[in-house]
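Note sheet for the following structure.
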Amino acid sequence: MHTDPPQNKLLQQLSDEEQQAVMRHGKTIEMHFGQVLCEEGKNCGFVYLPLSGYISILTSVQQNQRLEVGLIGNEGILGALVSIGVETSPVQAIVQGHGLALQIEHQAFNAELKRCVKLQQILQQYLAFYVVQLTRLVCCNHYHETEPRLARWLLMTHDRAGGDQFFLTHQYLAFMLGVRRSSVTEAAGSLLEKKIIDYHRGQIHILNRPALEKASCSCYRTLLDKQPQFLPGSSHQDVVCVR
């Protein structure tokens, strides 16, 4: 059965010639679950355009404690801030979903950025949406209860997973949401009881997507509704996260 090759949706907004000009500077790499792509406060030296799989973006709360503030799938790019001269990462980026990515050195990417006005425009729009998303997620993490936050987070992961099943342990979910493991167990148990998800040995299966959207806080839908204003080339199913 024929399937389309994995693609990055930002690159798809470029012409074929412009895409080739960008891609010739990079190489396709395999991203593995748990792999650290960049550390907070360090220069990772590369930008990453996921073709499949997805990346968690984390920030330090205090020593040895981190909180997830975003996800990047094939709708986005890790390292967009290099386009405005910021090469030191303000966050940590860890592969959450196995997949492929186009890896490009900062210097080569910036050189192509100077030549391609369309690429500059795409990154500017992408960074503008980042501000909107970050503001919304900060409010979400502060004001909303664990269950609707978990539902929102599962929806964002589902959008990028390429299927209805993905691997996530309760401990990892607690780490991502910045709550106790018992809180995640209770929230996930509620979604399980309602037959919205199935969960077994770390494998989460989305059974009822519409019900999961109803269980989510308003933040997920708000981001979807705002996205076309900033990223006209993206679909309504994408939620974009950048570092």
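By convention in this document, the chains of the structure tokens carry letters A, B, ... by their order, each chain's residues are numbered from 1, and ligands are numbered from 1 in the order they are shown.
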
query: Excluding same-chain residues fewer than 5 positions from region 39-48 of chain A, what lies within 12 Å of it counting only C-alpha atoms, as an NGL selection string?
result: :A and (8 or 10-11 or 22-23 or 25-31 or 53-55 or 57-61 or 66 or 72-83 or 85-95 or 99-110 or 242-243)

field: From A:Leu119, A:Leu231, A:Glu145, A:Ile204, residue lying nearest Ala187 (chain A) [only C-alpha atoms]
entry: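 Among A:Leu119, A:Leu231, A:Glu145, A:Ile204, it is A:Glu145 that comes nearest to Ala187 (chain A).
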
- request: Tell me, as a PyMOL selection string, which residues lie within 10 Å of region 167-170 of chain A, counting only C-alpha atoms; anything in the same chain fewer than 4 positions away does not count.
  value: chain A and resi 33+96-97+154+161+174-176+180-185+188+199-205

query: So how many Å separate CA of Pro210 (chain A) and CA of Ala151 (chain A), to one decimal?
result: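 Answer for the CA of Pro210 (chain A) to CA of Ala151 (chain A) separation: 11.1 Å.
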
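One distance worth recording is that between CA of Ile206 (chain A) and CA of Leu192 (chain A), which is 9.8 Å.
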
- request: Using DSSP on the backbone coordinates, identify all residues within region 57-232 of chain A classified as alpha helix (DSSP H); present the result as an NGL selection string.
  value: :A and (106-115 or 117-143 or 146-161 or 170-177 or 181-193 or 209-215 or 219-230)

- prompt: Can you tell me, as a list in words, what residues are no more than 12 Å from Ser216 (chain A) when counting only C-alpha atoms, ignoring any on the same chain fewer than 4 positions away?
  reply: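 Near Ser216 (chain A), the qualifying residues are Cys140, His144, Glu145, Thr146, Glu147, Pro148, Arg149, Leu150, Ala151, Arg152, Trp153, Leu154, Leu155, Met156, Ala187, Leu191, Ile196, Arg209, Pro210, Ala211, Leu212, Tyr220, Arg221 and Thr222 of chain A.
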
Store the residues picked out above in a file with N, CA, C and O atoms, as a short mmCIF file (atom, residue, chain, number, x, y, z; two decimals), in the first residue's frame.
data_model
loop_
_atom_site.label_atom_id
_atom_site.label_comp_id
_atom_site.auth_asym_id
_atom_site.auth_seq_id
_atom_site.Cartn_x
_atom_site.Cartn_y
_atom_site.Cartn_z
N CYS A 140 -3.36 27.96 31.72
CA CYS A 140 -3.94 26.62 31.86
C CYS A 140 -3.31 25.87 33.02
O CYS A 140 -4.00 25.30 33.86
N HIS A 144 -6.45 25.52 35.73
CA HIS A 144 -7.31 24.39 35.41
C HIS A 144 -6.97 23.13 36.20
O HIS A 144 -5.82 22.89 36.55
N GLU A 145 -8.01 22.32 36.43
CA GLU A 145 -7.85 21.08 37.19
C GLU A 145 -7.08 20.04 36.37
O GLU A 145 -6.94 20.16 35.15
N THR A 146 -6.63 18.99 37.05
CA THR A 146 -5.76 18.00 36.41
C THR A 146 -6.46 17.27 35.27
O THR A 146 -5.87 17.09 34.19
N GLU A 147 -7.70 16.84 35.46
CA GLU A 147 -8.37 16.04 34.41
C GLU A 147 -8.54 16.81 33.10
O GLU A 147 -8.17 16.28 32.04
N PRO A 148 -9.09 18.03 33.09
CA PRO A 148 -9.19 18.76 31.81
C PRO A 148 -7.82 19.11 31.22
O PRO A 148 -7.66 19.14 30.00
N ARG A 149 -6.82 19.35 32.07
CA ARG A 149 -5.47 19.59 31.56
C ARG A 149 -4.90 18.32 30.92
O ARG A 149 -4.25 18.38 29.87
N LEU A 150 -5.16 17.18 31.56
CA LEU A 150 -4.71 15.91 30.99
C LEU A 150 -5.37 15.66 29.65
O LEU A 150 -4.71 15.25 28.68
N ALA A 151 -6.67 15.92 29.56
CA ALA A 151 -7.38 15.74 28.30
C ALA A 151 -6.81 16.64 27.21
O ALA A 151 -6.60 16.23 26.07
N ARG A 152 -6.54 17.91 27.57
CA ARG A 152 -5.94 18.84 26.61
C ARG A 152 -4.58 18.35 26.14
O ARG A 152 -4.26 18.36 24.96
N TRP A 153 -3.77 17.86 27.09
CA TRP A 153 -2.44 17.38 26.75
C TRP A 153 -2.51 16.12 25.87
O TRP A 153 -1.73 15.97 24.93
N LEU A 154 -3.46 15.23 26.14
CA LEU A 154 -3.63 14.02 25.32
C LEU A 154 -4.07 14.39 23.90
O LEU A 154 -3.64 13.76 22.93
N LEU A 155 -4.90 15.41 23.78
CA LEU A 155 -5.32 15.87 22.45
C LEU A 155 -4.13 16.40 21.66
O LEU A 155 -3.97 16.11 20.46
N MET A 156 -3.30 17.21 22.31
CA MET A 156 -2.12 17.76 21.64
C MET A 156 -1.17 16.64 21.21
O MET A 156 -0.59 16.69 20.13
N ALA A 187 -7.12 11.16 37.46
CA ALA A 187 -7.67 11.80 36.26
C ALA A 187 -7.76 10.81 35.09
O ALA A 187 -8.77 10.76 34.38
N LEU A 191 -11.13 9.21 32.93
CA LEU A 191 -11.26 9.11 31.46
C LEU A 191 -11.42 7.66 31.02
O LEU A 191 -12.15 7.36 30.06
N ILE A 196 -13.32 6.94 27.38
CA ILE A 196 -12.74 7.92 26.47
C ILE A 196 -11.36 7.47 26.02
O ILE A 196 -10.96 7.67 24.87
N ARG A 209 -12.45 10.40 20.50
CA ARG A 209 -11.85 11.72 20.33
C ARG A 209 -12.85 12.86 20.65
O ARG A 209 -12.49 13.78 21.38
N PRO A 210 -14.08 12.82 20.13
CA PRO A 210 -15.02 13.90 20.47
C PRO A 210 -15.25 14.04 21.97
O PRO A 210 -15.34 15.16 22.49
N ALA A 211 -15.35 12.91 22.67
CA ALA A 211 -15.56 12.96 24.12
C ALA A 211 -14.33 13.52 24.83
O ALA A 211 -14.45 14.23 25.83
N LEU A 212 -13.16 13.22 24.29
CA LEU A 212 -11.92 13.75 24.88
C LEU A 212 -11.87 15.27 24.71
O LEU A 212 -11.43 15.98 25.62
N TYR A 220 -7.50 24.08 24.60
CA TYR A 220 -7.21 23.36 23.35
C TYR A 220 -7.97 24.00 22.19
O TYR A 220 -7.40 24.31 21.15
N ARG A 221 -9.28 24.23 22.37
CA ARG A 221 -10.07 24.81 21.30
C ARG A 221 -9.67 26.25 21.02
O ARG A 221 -9.66 26.70 19.87
N THR A 222 -9.32 26.98 22.06
CA THR A 222 -8.90 28.38 21.88
C THR A 222 -7.67 28.46 20.98
O THR A 222 -7.59 29.30 20.08
#

For CA of Leu71 (chain A) and CA of Ser56 (chain A), the interatomic separation in Å (one decimal):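 Pair CA of Leu71 (chain A) / CA of Ser56 (chain A) returns 4.8 Å.
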
Top pick for closest residue to Ala215 (chain A), considering A:Val69, A:Leu37, A:Ile122, A:Ile197 and counting only C-alpha atoms: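 Ranked by minimum distance to Ala215 (chain A), first place goes to A:Ile197.
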
- prompt: Closest to Phe166 (chain A) among A:His98, A:Asp225, A:Tyr126, A:Glu68, using only C-alpha atoms?
  reply: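 With only C-alpha atoms as the atom set, the closest residue is A:His98.
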
task: Return as number ranges by chain the full set of residues in region 19-159 of chain A whose backbone-based DSSP assignment is strand (DSSP E or B).
output: A: 26-31, 36-38, 46-50, 54-62, 65-72, 78, 92-97, 99-105
